[in-house]
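Shown next: input-v1.csv, containing CSV, C-alpha atoms and all ligand atoms.
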```csv
chain,number,residue,atom,x,y,z
A,1,LYS,CA,0.0,0.0,0.0
A,2,GLY,CA,1.0,3.6,-0.3
A,3,SER,CA,1.8,5.7,-3.4
A,4,GLY,CA,3.4,3.1,-5.7
A,5,PRO,CA,1.7,1.3,-8.5
A,6,VAL,CA,-1.6,-0.5,-7.6
A,7,LEU,CA,-0.9,-3.4,-9.9
A,8,VAL,CA,2.5,-4.9,-10.9
A,9,VAL,CA,3.0,-7.7,-13.4
A,10,GLU,CA,6.5,-9.2,-13.5
A,11,ASP,CA,7.9,-11.5,-16.1
A,12,LEU,CA,4.5,-13.2,-16.7
A,13,HIS,CA,4.5,-16.4,-18.6
A,14,VAL,CA,1.3,-18.2,-19.7
A,15,ALA,CA,1.3,-21.5,-21.6
A,16,TYR,CA,-1.5,-23.8,-22.9
A,17,GLY,CA,0.4,-27.1,-23.2
A,18,ARG,CA,3.1,-26.3,-25.7
A,19,VAL,CA,1.6,-23.0,-26.8
A,20,GLU,CA,3.5,-20.2,-25.1
A,21,ALA,CA,0.8,-17.5,-25.2
A,22,VAL,CA,2.6,-15.0,-22.9
A,23,ARG,CA,6.4,-14.8,-22.8
A,24,GLY,CA,7.8,-12.6,-20.1
A,25,VAL,CA,5.5,-9.7,-19.9
A,26,SER,CA,6.0,-7.0,-17.3
A,27,PHE,CA,4.2,-3.8,-16.6
A,28,SER,CA,2.8,-1.7,-13.8
A,29,VAL,CA,-0.3,0.4,-13.3
A,30,ASP,CA,-0.4,3.6,-11.3
A,31,PRO,CA,-3.5,4.3,-9.2
A,32,GLY,CA,-6.2,6.2,-11.1
A,33,SER,CA,-4.6,5.6,-14.5
A,34,LEU,CA,-5.8,3.8,-17.6
A,35,VAL,CA,-3.3,1.4,-19.0
A,36,THR,CA,-4.1,-0.4,-22.3
A,37,LEU,CA,-2.7,-3.6,-23.8
A,38,VAL,CA,-3.2,-3.6,-27.5
A,39,GLY,CA,-2.2,-6.1,-30.2
A,40,ALA,CA,-3.6,-8.3,-32.9
A,41,ASN,CA,-5.9,-11.3,-32.3
A,42,GLY,CA,-3.9,-14.0,-30.5
A,43,ALA,CA,-1.1,-11.6,-29.2
A,44,GLY,CA,-1.8,-12.8,-25.7
A,45,LYS,CA,-3.9,-10.0,-24.3
A,46,SER,CA,-6.7,-12.1,-22.8
A,47,SER,CA,-4.2,-14.5,-21.4
A,48,ILE,CA,-2.5,-11.7,-19.5
A,49,ILE,CA,-5.8,-10.3,-18.1
A,50,ASN,CA,-7.1,-13.8,-17.2
A,51,ALA,CA,-3.8,-14.6,-15.4
A,52,ILE,CA,-4.1,-11.3,-13.4
A,53,SER,CA,-7.7,-12.0,-12.4
A,54,GLY,CA,-7.0,-15.6,-11.4
A,55,LEU,CA,-9.1,-17.1,-14.1
A,56,ILE,CA,-6.1,-19.0,-15.4
A,57,ARG,CA,-2.8,-19.9,-13.7
A,58,PRO,CA,0.4,-18.4,-15.1
A,59,LYS,CA,3.3,-20.7,-15.7
A,60,SER,CA,5.6,-18.3,-14.0
A,61,GLY,CA,5.9,-14.7,-13.0
A,62,ARG,CA,4.3,-12.6,-10.3
A,63,VAL,CA,1.3,-10.3,-10.0
A,64,THR,CA,1.1,-7.9,-7.1
A,65,PHE,CA,-2.1,-6.0,-6.3
A,66,ASP,CA,-2.2,-3.3,-3.6
A,67,GLY,CA,1.2,-4.5,-2.4
A,68,GLN,CA,0.1,-8.1,-2.0
A,69,ASP,CA,1.3,-11.1,-4.1
A,70,ILE,CA,-1.9,-12.3,-5.7
A,71,THR,CA,-0.3,-14.6,-8.3
A,72,ARG,CA,-2.2,-17.6,-6.9
A,73,THR,CA,-5.2,-16.0,-5.4
A,74,PRO,CA,-8.5,-17.4,-6.9
A,75,SER,CA,-10.6,-14.8,-8.8
A,76,HIS,CA,-13.5,-14.9,-6.3
A,77,ARG,CA,-11.3,-13.7,-3.6
A,78,LEU,CA,-9.8,-11.0,-5.7
A,79,VAL,CA,-13.3,-9.5,-6.4
A,80,GLY,CA,-13.7,-8.9,-2.7
A,81,GLN,CA,-10.3,-7.2,-2.6
A,82,GLY,CA,-11.2,-4.9,-5.4
A,83,LEU,CA,-9.8,-6.5,-8.5
A,84,VAL,CA,-12.7,-7.1,-10.9
A,85,GLN,CA,-12.9,-8.2,-14.5
A,86,VAL,CA,-15.3,-7.4,-17.3
A,87,PRO,CA,-14.9,-10.7,-19.2
A,88,GLU,CA,-14.5,-11.0,-22.9
A,89,GLY,CA,-17.8,-11.7,-24.7
A,90,ARG,CA,-19.7,-10.0,-21.8
A,91,GLN,CA,-20.9,-13.3,-20.2
A,92,ILE,CA,-24.3,-12.0,-19.5
A,93,LEU,CA,-26.9,-14.6,-18.3
A,94,GLY,CA,-29.6,-14.0,-20.9
A,95,THR,CA,-32.5,-15.8,-19.2
A,96,LEU,CA,-31.9,-14.0,-15.9
A,97,THR,CA,-33.3,-10.4,-15.5
A,98,ILE,CA,-31.0,-7.4,-15.8
A,99,GLU,CA,-31.3,-6.9,-12.0
A,100,GLU,CA,-30.4,-10.5,-11.3
A,101,ASN,CA,-27.3,-10.1,-13.5
A,102,LEU,CA,-26.4,-7.1,-11.5
A,103,HIS,CA,-26.9,-9.0,-8.2
A,104,LEU,CA,-24.2,-11.5,-9.5
A,105,GLY,CA,-21.8,-8.6,-9.5
A,106,GLY,CA,-22.2,-8.4,-5.7
A,107,TRP,CA,-22.6,-12.1,-4.9
A,108,HIS,CA,-19.5,-12.1,-2.7
A,109,VAL,CA,-21.3,-9.8,-0.3
A,110,GLY,CA,-24.7,-11.4,-0.7
A,111,GLY,CA,-25.9,-9.5,-3.7
A,112,ALA,CA,-25.9,-5.9,-4.9
A,113,SER,CA,-26.9,-3.3,-2.3
A,114,ALA,CA,-29.9,-1.1,-2.9
A,115,ALA,CA,-27.5,1.8,-3.1
A,116,ALA,CA,-25.3,0.1,-5.7
A,117,LEU,CA,-28.4,-0.7,-7.8
A,118,ALA,CA,-29.7,2.9,-7.5
A,119,GLU,CA,-26.3,4.2,-8.6
A,120,THR,CA,-26.2,1.8,-11.5
A,121,TYR,CA,-29.7,2.8,-12.7
A,122,GLU,CA,-28.8,6.4,-12.5
A,123,ARG,CA,-25.7,5.9,-14.6
A,124,PHE,CA,-27.3,3.5,-17.0
A,125,PRO,CA,-31.0,4.5,-17.3
A,126,VAL,CA,-31.7,1.8,-19.9
A,127,LEU,CA,-30.8,-0.9,-17.4
A,128,GLY,CA,-33.1,0.7,-14.8
A,129,ASP,CA,-36.1,1.0,-17.2
A,130,ARG,CA,-35.8,-2.7,-18.1
A,131,ARG,CA,-34.5,-4.2,-14.8
A,132,HIS,CA,-37.1,-6.9,-14.7
A,133,LEU,CA,-36.7,-8.0,-18.3
A,134,PRO,CA,-34.4,-10.9,-19.3
A,135,ALA,CA,-30.9,-9.6,-20.0
A,136,GLY,CA,-31.0,-11.5,-23.3
A,137,SER,CA,-33.6,-8.9,-24.6
A,138,LEU,CA,-30.9,-6.2,-24.6
A,139,SER,CA,-29.0,-5.2,-27.7
A,140,GLY,CA,-25.3,-6.1,-27.9
A,141,GLY,CA,-24.2,-2.6,-26.8
A,142,GLU,CA,-26.7,-2.7,-23.9
A,143,GLN,CA,-25.4,-6.1,-22.8
A,144,GLN,CA,-21.9,-4.7,-22.8
A,145,MET,CA,-23.1,-1.8,-20.6
A,146,LEU,CA,-24.7,-4.5,-18.3
A,147,ALA,CA,-21.4,-6.4,-18.1
A,148,ILE,CA,-19.6,-3.2,-17.2
A,149,ALA,CA,-22.3,-2.2,-14.7
A,150,ARG,CA,-22.2,-5.7,-13.1
A,151,ALA,CA,-18.4,-5.3,-12.5
A,152,LEU,CA,-18.9,-1.8,-11.0
A,153,VAL,CA,-21.4,-3.2,-8.5
A,154,ALA,CA,-18.4,-4.9,-6.8
A,155,ARG,CA,-16.9,-1.4,-6.4
A,156,PRO,CA,-13.5,-2.2,-8.0
A,157,LYS,CA,-10.3,-0.5,-7.2
A,158,VAL,CA,-8.9,-1.9,-10.5
A,159,LEU,CA,-11.2,-2.8,-13.3
A,160,LEU,CA,-9.9,-5.2,-15.9
A,161,MET,CA,-11.7,-4.9,-19.3
A,162,ASP,CA,-11.3,-7.4,-22.0
A,163,GLU,CA,-12.3,-6.1,-25.5
A,164,PRO,CA,-15.4,-4.1,-24.4
A,165,SER,CA,-15.8,-2.8,-28.0
A,166,MET,CA,-15.8,-6.2,-29.6
A,167,GLY,CA,-18.5,-6.9,-32.2
A,168,LEU,CA,-20.3,-3.5,-31.6
A,169,ALA,CA,-21.3,-1.0,-34.2
A,170,PRO,CA,-19.1,2.2,-34.4
A,171,LYS,CA,-21.7,4.4,-32.7
A,172,VAL,CA,-22.0,1.9,-29.8
A,173,VAL,CA,-18.2,1.7,-29.6
A,174,ASP,CA,-18.2,5.4,-29.0
A,175,GLU,CA,-20.7,4.9,-26.2
A,176,VAL,CA,-18.5,2.2,-24.6
A,177,PHE,CA,-15.5,4.4,-24.7
A,178,ARG,CA,-17.5,7.3,-23.2
A,179,VAL,CA,-18.4,5.0,-20.3
A,180,VAL,CA,-14.8,3.9,-19.9
A,181,ASP,CA,-13.7,7.5,-19.7
A,182,GLU,CA,-16.4,8.3,-17.2
A,183,ILE,CA,-15.4,5.4,-15.0
A,184,ARG,CA,-11.8,6.5,-15.1
A,185,THR,CA,-12.8,10.0,-14.1
A,186,THR,CA,-14.4,8.7,-10.9
A,187,GLY,CA,-10.9,7.5,-9.9
A,188,THR,CA,-11.2,3.8,-10.8
A,189,THR,CA,-8.0,2.4,-12.2
A,190,ILE,CA,-8.5,0.6,-15.5
A,191,VAL,CA,-6.6,-2.0,-17.5
A,192,LEU,CA,-8.1,-2.2,-20.9
A,193,VAL,CA,-7.4,-4.9,-23.5
A,194,GLU,CA,-8.3,-4.0,-27.0
A,195,GLN,CA,-7.8,-4.9,-30.6
A,196,ASN,CA,-9.0,-1.4,-31.4
A,197,ALA,CA,-5.6,0.1,-30.7
A,198,ARG,CA,-6.2,3.6,-31.8
A,199,ARG,CA,-9.4,4.0,-29.7
A,200,ALA,CA,-7.8,2.3,-26.7
A,201,LEU,CA,-4.6,4.5,-26.9
A,202,ARG,CA,-6.7,7.6,-27.2
A,203,ALA,CA,-8.4,6.7,-23.9
A,204,ALA,CA,-5.3,5.6,-22.1
A,205,ASP,CA,-2.4,7.2,-20.2
A,206,HIS,CA,0.0,4.4,-21.0
A,207,GLY,CA,0.1,1.7,-23.6
A,208,TYR,CA,1.7,-1.6,-24.2
A,209,VAL,CA,1.8,-3.1,-27.7
A,210,LEU,CA,1.9,-6.9,-27.7
A,211,GLN,CA,3.0,-9.3,-30.4
A,212,THR,CA,3.1,-13.0,-30.0
A,213,GLY,CA,3.2,-12.9,-26.3
A,214,GLU,CA,5.7,-10.2,-25.8
A,215,VAL,CA,5.7,-6.4,-25.3
A,216,VAL,CA,7.2,-4.9,-28.4
A,217,HIS,CA,6.5,-1.2,-27.7
A,218,SER,CA,5.4,0.7,-24.7
A,219,GLY,CA,5.1,4.3,-23.5
A,220,PRO,CA,2.8,7.2,-22.8
A,221,ALA,CA,-0.2,6.6,-25.0
A,222,GLU,CA,0.1,10.0,-26.8
A,223,GLU,CA,3.7,9.2,-27.7
A,224,LEU,CA,2.7,5.8,-29.2
A,225,LEU,CA,-0.1,7.5,-31.1
A,226,ALA,CA,2.4,10.1,-32.5
A,227,ASP,CA,5.0,7.5,-33.5
A,228,PRO,CA,4.9,7.0,-37.3
A,229,LYS,CA,6.3,3.4,-37.0
A,230,ILE,CA,3.5,2.5,-34.5
A,231,VAL,CA,0.9,4.1,-36.7
A,232,GLU,CA,2.0,2.3,-39.7
A,233,ALA,CA,2.4,-1.1,-38.1
A,234,TYR,CA,-0.6,-1.2,-35.7
A,235,LEU,CA,-3.0,1.7,-36.2
A,236,GLY,CA,-3.3,2.0,-40.0
A,237,VAL,CA,-4.9,4.9,-41.8
A,238,GLU,CA,-7.9,6.4,-40.2
B,301,LIG,P1,-8.0,-12.4,-28.7
B,301,LIG,O1,-8.3,-11.1,-29.1
B,301,LIG,O2,-8.4,-13.5,-29.8
B,301,LIG,O3,-8.6,-12.8,-27.4
B,301,LIG,P2,-5.5,-12.3,-27.4
B,301,LIG,O4,-4.5,-11.3,-27.8
B,301,LIG,O5,-6.4,-11.9,-26.3
B,301,LIG,O6,-6.5,-12.6,-28.6
B,301,LIG,P3,-5.1,-14.8,-26.3
B,301,LIG,O7,-6.5,-15.1,-26.3
B,301,LIG,O8,-4.4,-14.5,-25.0
B,301,LIG,O9,-4.8,-13.6,-27.3
B,301,LIG,O10,-4.3,-16.0,-27.0
B,301,LIG,C1,-2.9,-16.1,-27.1
B,301,LIG,C2,-2.4,-17.4,-27.8
B,301,LIG,O11,-2.8,-18.5,-26.9
B,301,LIG,C3,-3.1,-17.6,-29.1
B,301,LIG,O12,-2.1,-18.3,-29.9
B,301,LIG,C4,-4.2,-18.6,-28.8
B,301,LIG,O13,-4.5,-19.4,-29.9
B,301,LIG,C5,-3.7,-19.3,-27.6
B,301,LIG,N1,-4.7,-19.8,-26.7
B,301,LIG,C6,-5.5,-19.0,-26.0
B,301,LIG,N2,-6.4,-19.7,-25.2
B,301,LIG,C7,-6.0,-21.0,-25.4
B,301,LIG,C8,-6.5,-22.2,-24.8
B,301,LIG,N3,-7.4,-22.3,-23.9
B,301,LIG,N4,-5.9,-23.4,-25.3
B,301,LIG,C9,-4.9,-23.3,-26.2
B,301,LIG,N5,-4.4,-22.2,-26.7
B,301,LIG,C10,-5.0,-21.1,-26.3
```
Encoded form using structure tokens:
Amino acid sequence: KGSGPVLVVEDLHVAYGRVEAVRGVSFSVDPGSLVTLVGANGAGKSSIINAISGLIRPKSGRVTFDGQDITRTPSHRLVGQGLVQVPEGRQILGTLTIEENLHLGGWHVGGASAAALAETYERFPVLGDRRHLPAGSLSGGEQQMLAIARALVARPKVLLMDEPSMGLAPKVVDEVFRVVDEIRTTGTTIVLVEQNARRALRAADHGYVLQTGEVVHSGPAEELLADPKIVEAYLGVE
């Protein structure tokens, strides 16, 4: 605890059998900042985030959260400590109502509190209006908002987001990034994994570019965005 980074990843290795998905990745995240991991499909982004959140076990390396070694802490315990993930593909339970999905975000404390629900519905009025409807009736963008809202119910210190813009129409992507920015403004630290490198870097303080399981570039997001080599190799023409 104190003024150092809230999250530190050191020499992380993840393997699936013989496939070495992550090969010695290190980075740290300052409190209140937004760090993004960008890179092509298969670069290892999800593996890194899943290893941090305890969903998968790294082969080696160390993850420190809030000054504590959490490398082998199961994900359900991490939620209670304030490290919460918005999973890839949203993982909404479509037959449960929107409110029931939100309750799952607070299951470690016996469900979402009335205050947390009220806050959620204020921030996401669509979810409030439809709280008794099945979550499966929401559009893709609305389901992403629900996935984010469900994570926020746990009052994260650090929010891990895996490809929140995936599969969404451009206008809805704008909306997702607006919400990401808003969450960040409230002081929540964010680690954002994205294939949409340009959008992610625009939202971020610091960026890491991954290629086949390794960090190949890193720096302040605005420097990466201004680097012609990065633009050419990873961002393309706008
Ligand atoms: P995506 O955007 O597709 O999620 P990513 O950058 O997040 O890509 P990972 O999902 O971490 O990348 O995958 C990294 C590598 O590990 C890829 O080569 C992928 O095929 C492999 N991989 C991921 N999950 C598994 C698994 N469960 N079993 C075997 N190989 C896997």
Original post:
From the list A:Leu210, A:Leu160, A:Leu225, A:Leu7, which residue is nearest ligand LIG 301 (chain B) when using only C-alpha atoms and all ligand atoms?
Top reply: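 For ligand LIG 301 (chain B), the nearest of the given residues is A:Leu210.
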**OP:** Residues within 9 Å of ligand LIG 301 (chain B), counting all atoms listed in the file: report them as JSON, numbers by chain.
**Re:** {"A": [14, 15, 16, 17, 18, 19, 20, 21, 22, 37, 38, 39, 40, 41, 42, 43, 44, 45, 46, 47, 48, 49, 50, 88, 162, 163, 166, 193, 194, 195, 210, 211, 212, 213]}
**OP:** For region 23-31 of chain A, work out the shell of residues within 7 Å, counting only C-alpha atoms and skipping chain neighbours fewer than 3 positions away, then give it as a ChimeraX atom specification.
**Re:** /A:4-14,20,35,189,213-215
**OP:** Go ahead and compute the interatomic distance for CA of Arg123 (chain A) and CA of Ala149 (chain A), in Å to one decimal.
**Re:**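 Separation of CA of Arg123 (chain A) and CA of Ala149 (chain A): 8.8 Å.
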Original post:
When distances are computed from all atoms listed in the file, which of A:Leu83, A:Val172, A:Ile92, A:Leu133 shows the smallest separation from Ile70 (chain A)?
Top reply: A:Leu83
**OP:** Compare A:Val153, A:Ala221, A:Leu78, A:Gln144 by their minimum atom-to-atom distance to Glu99 (chain A), counting only C-alpha atoms, and give me the closest one.
**Re:**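 Closest to Glu99 (chain A) of all the choices is A:Val153.
Compared by their closest atoms to Ser53 (chain A), and using all atoms listed in the file, the residues A:Gly187, A:Gly89, A:Gly32, A:Gly80 rank with A:Gly80 nearest.
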What would region 208-235 of chain A look like if you wrote it out as a PDB file, in the first residue's frame, with N, CA, C and O atoms included, from the block I just posted?
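Writing done, so here's part26.pdb:
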```pdb
ATOM      1  N   TYR A 208       0.802  -0.535 -23.949  1.00  0.00           N
ATOM      2  CA  TYR A 208       1.740  -1.621 -24.218  1.00  0.00           C
ATOM      3  C   TYR A 208       1.273  -2.328 -25.477  1.00  0.00           C
ATOM      4  O   TYR A 208       0.119  -2.751 -25.559  1.00  0.00           O
ATOM      5  N   VAL A 209       2.166  -2.443 -26.453  1.00  0.00           N
ATOM      6  CA  VAL A 209       1.821  -3.126 -27.694  1.00  0.00           C
ATOM      7  C   VAL A 209       2.380  -4.541 -27.612  1.00  0.00           C
ATOM      8  O   VAL A 209       3.578  -4.736 -27.385  1.00  0.00           O
ATOM      9  N   LEU A 210       1.498  -5.523 -27.791  1.00  0.00           N
ATOM     10  CA  LEU A 210       1.892  -6.924 -27.685  1.00  0.00           C
ATOM     11  C   LEU A 210       1.949  -7.578 -29.049  1.00  0.00           C
ATOM     12  O   LEU A 210       1.129  -7.303 -29.920  1.00  0.00           O
ATOM     13  N   GLN A 211       2.920  -8.450 -29.182  1.00  0.00           N
ATOM     14  CA  GLN A 211       3.029  -9.256 -30.388  1.00  0.00           C
ATOM     15  C   GLN A 211       3.513 -10.632 -29.975  1.00  0.00           C
ATOM     16  O   GLN A 211       4.519 -10.733 -29.258  1.00  0.00           O
ATOM     17  N   THR A 212       2.793 -11.643 -30.394  1.00  0.00           N
ATOM     18  CA  THR A 212       3.102 -13.035 -30.037  1.00  0.00           C
ATOM     19  C   THR A 212       3.643 -13.190 -28.607  1.00  0.00           C
ATOM     20  O   THR A 212       4.689 -13.774 -28.373  1.00  0.00           O
ATOM     21  N   GLY A 213       2.868 -12.653 -27.679  1.00  0.00           N
ATOM     22  CA  GLY A 213       3.158 -12.899 -26.275  1.00  0.00           C
ATOM     23  C   GLY A 213       4.231 -12.041 -25.650  1.00  0.00           C
ATOM     24  O   GLY A 213       4.626 -12.278 -24.508  1.00  0.00           O
ATOM     25  N   GLU A 214       4.706 -11.040 -26.400  1.00  0.00           N
ATOM     26  CA  GLU A 214       5.740 -10.167 -25.840  1.00  0.00           C
ATOM     27  C   GLU A 214       5.381  -8.695 -26.042  1.00  0.00           C
ATOM     28  O   GLU A 214       4.717  -8.354 -27.017  1.00  0.00           O
ATOM     29  N   VAL A 215       5.871  -7.859 -25.124  1.00  0.00           N
ATOM     30  CA  VAL A 215       5.696  -6.419 -25.291  1.00  0.00           C
ATOM     31  C   VAL A 215       6.742  -5.938 -26.282  1.00  0.00           C
ATOM     32  O   VAL A 215       7.944  -6.102 -26.049  1.00  0.00           O
ATOM     33  N   VAL A 216       6.297  -5.369 -27.409  1.00  0.00           N
ATOM     34  CA  VAL A 216       7.250  -4.898 -28.421  1.00  0.00           C
ATOM     35  C   VAL A 216       7.397  -3.371 -28.413  1.00  0.00           C
ATOM     36  O   VAL A 216       8.382  -2.844 -28.934  1.00  0.00           O
ATOM     37  N   HIS A 217       6.426  -2.672 -27.843  1.00  0.00           N
ATOM     38  CA  HIS A 217       6.519  -1.219 -27.679  1.00  0.00           C
ATOM     39  C   HIS A 217       5.747  -0.855 -26.433  1.00  0.00           C
ATOM     40  O   HIS A 217       4.744  -1.491 -26.118  1.00  0.00           O
ATOM     41  N   SER A 218       6.200   0.214 -25.769  1.00  0.00           N
ATOM     42  CA  SER A 218       5.401   0.730 -24.659  1.00  0.00           C
ATOM     43  C   SER A 218       5.771   2.178 -24.444  1.00  0.00           C
ATOM     44  O   SER A 218       6.835   2.630 -24.857  1.00  0.00           O
ATOM     45  N   GLY A 219       4.865   2.898 -23.805  1.00  0.00           N
ATOM     46  CA  GLY A 219       5.137   4.295 -23.513  1.00  0.00           C
ATOM     47  C   GLY A 219       3.851   5.036 -23.232  1.00  0.00           C
ATOM     48  O   GLY A 219       2.770   4.442 -23.245  1.00  0.00           O
ATOM     49  N   PRO A 220       4.007   6.352 -22.972  1.00  0.00           N
ATOM     50  CA  PRO A 220       2.806   7.169 -22.812  1.00  0.00           C
ATOM     51  C   PRO A 220       1.937   7.030 -24.070  1.00  0.00           C
ATOM     52  O   PRO A 220       2.468   7.031 -25.186  1.00  0.00           O
ATOM     53  N   ALA A 221       0.637   6.912 -23.884  1.00  0.00           N
ATOM     54  CA  ALA A 221      -0.248   6.639 -25.012  1.00  0.00           C
ATOM     55  C   ALA A 221      -0.106   7.683 -26.112  1.00  0.00           C
ATOM     56  O   ALA A 221      -0.084   7.351 -27.307  1.00  0.00           O
ATOM     57  N   GLU A 222       0.049   8.940 -25.714  1.00  0.00           N
ATOM     58  CA  GLU A 222       0.123   9.970 -26.758  1.00  0.00           C
ATOM     59  C   GLU A 222       1.413   9.858 -27.578  1.00  0.00           C
ATOM     60  O   GLU A 222       1.414  10.174 -28.765  1.00  0.00           O
ATOM     61  N   GLU A 223       2.469   9.363 -26.945  1.00  0.00           N
ATOM     62  CA  GLU A 223       3.705   9.166 -27.718  1.00  0.00           C
ATOM     63  C   GLU A 223       3.548   8.019 -28.708  1.00  0.00           C
ATOM     64  O   GLU A 223       4.033   8.088 -29.846  1.00  0.00           O
ATOM     65  N   LEU A 224       2.884   6.954 -28.284  1.00  0.00           N
ATOM     66  CA  LEU A 224       2.656   5.831 -29.196  1.00  0.00           C
ATOM     67  C   LEU A 224       1.792   6.277 -30.372  1.00  0.00           C
ATOM     68  O   LEU A 224       2.052   5.924 -31.525  1.00  0.00           O
ATOM     69  N   LEU A 225       0.770   7.071 -30.078  1.00  0.00           N
ATOM     70  CA  LEU A 225      -0.128   7.547 -31.138  1.00  0.00           C
ATOM     71  C   LEU A 225       0.585   8.467 -32.126  1.00  0.00           C
ATOM     72  O   LEU A 225       0.171   8.578 -33.276  1.00  0.00           O
ATOM     73  N   ALA A 226       1.655   9.120 -31.664  1.00  0.00           N
ATOM     74  CA  ALA A 226       2.363  10.076 -32.515  1.00  0.00           C
ATOM     75  C   ALA A 226       3.556   9.445 -33.228  1.00  0.00           C
ATOM     76  O   ALA A 226       4.213  10.094 -34.040  1.00  0.00           O
ATOM     77  N   ASP A 227       3.825   8.181 -32.948  1.00  0.00           N
ATOM     78  CA  ASP A 227       4.998   7.526 -33.524  1.00  0.00           C
ATOM     79  C   ASP A 227       4.639   6.918 -34.889  1.00  0.00           C
ATOM     80  O   ASP A 227       3.835   5.989 -34.965  1.00  0.00           O
ATOM     81  N   PRO A 228       5.247   7.441 -35.961  1.00  0.00           N
ATOM     82  CA  PRO A 228       4.875   6.983 -37.308  1.00  0.00           C
ATOM     83  C   PRO A 228       5.037   5.466 -37.478  1.00  0.00           C
ATOM     84  O   PRO A 228       4.238   4.834 -38.174  1.00  0.00           O
ATOM     85  N   LYS A 229       6.044   4.878 -36.828  1.00  0.00           N
ATOM     86  CA  LYS A 229       6.253   3.428 -36.965  1.00  0.00           C
ATOM     87  C   LYS A 229       5.091   2.652 -36.333  1.00  0.00           C
ATOM     88  O   LYS A 229       4.645   1.647 -36.858  1.00  0.00           O
ATOM     89  N   ILE A 230       4.629   3.141 -35.200  1.00  0.00           N
ATOM     90  CA  ILE A 230       3.499   2.486 -34.524  1.00  0.00           C
ATOM     91  C   ILE A 230       2.235   2.664 -35.359  1.00  0.00           C
ATOM     92  O   ILE A 230       1.467   1.723 -35.552  1.00  0.00           O
ATOM     93  N   VAL A 231       2.057   3.875 -35.858  1.00  0.00           N
ATOM     94  CA  VAL A 231       0.858   4.148 -36.662  1.00  0.00           C
ATOM     95  C   VAL A 231       0.833   3.216 -37.857  1.00  0.00           C
ATOM     96  O   VAL A 231      -0.181   2.571 -38.137  1.00  0.00           O
ATOM     97  N   GLU A 232       1.973   3.114 -38.533  1.00  0.00           N
ATOM     98  CA  GLU A 232       2.014   2.287 -39.730  1.00  0.00           C
ATOM     99  C   GLU A 232       1.784   0.809 -39.410  1.00  0.00           C
ATOM    100  O   GLU A 232       1.015   0.120 -40.080  1.00  0.00           O
ATOM    101  N   ALA A 233       2.431   0.319 -38.356  1.00  0.00           N
ATOM    102  CA  ALA A 233       2.381  -1.116 -38.072  1.00  0.00           C
ATOM    103  C   ALA A 233       1.102  -1.548 -37.358  1.00  0.00           C
ATOM    104  O   ALA A 233       0.635  -2.655 -37.563  1.00  0.00           O
ATOM    105  N   TYR A 234       0.541  -0.683 -36.522  1.00  0.00           N
ATOM    106  CA  TYR A 234      -0.556  -1.156 -35.663  1.00  0.00           C
ATOM    107  C   TYR A 234      -1.856  -0.361 -35.785  1.00  0.00           C
ATOM    108  O   TYR A 234      -2.904  -0.851 -35.388  1.00  0.00           O
ATOM    109  N   LEU A 235      -1.764   0.857 -36.283  1.00  0.00           N
ATOM    110  CA  LEU A 235      -2.978   1.682 -36.240  1.00  0.00           C
ATOM    111  C   LEU A 235      -3.600   1.864 -37.630  1.00  0.00           C
ATOM    112  O   LEU A 235      -4.800   2.024 -37.744  1.00  0.00           O
TER     113      LEU A 235
END
```
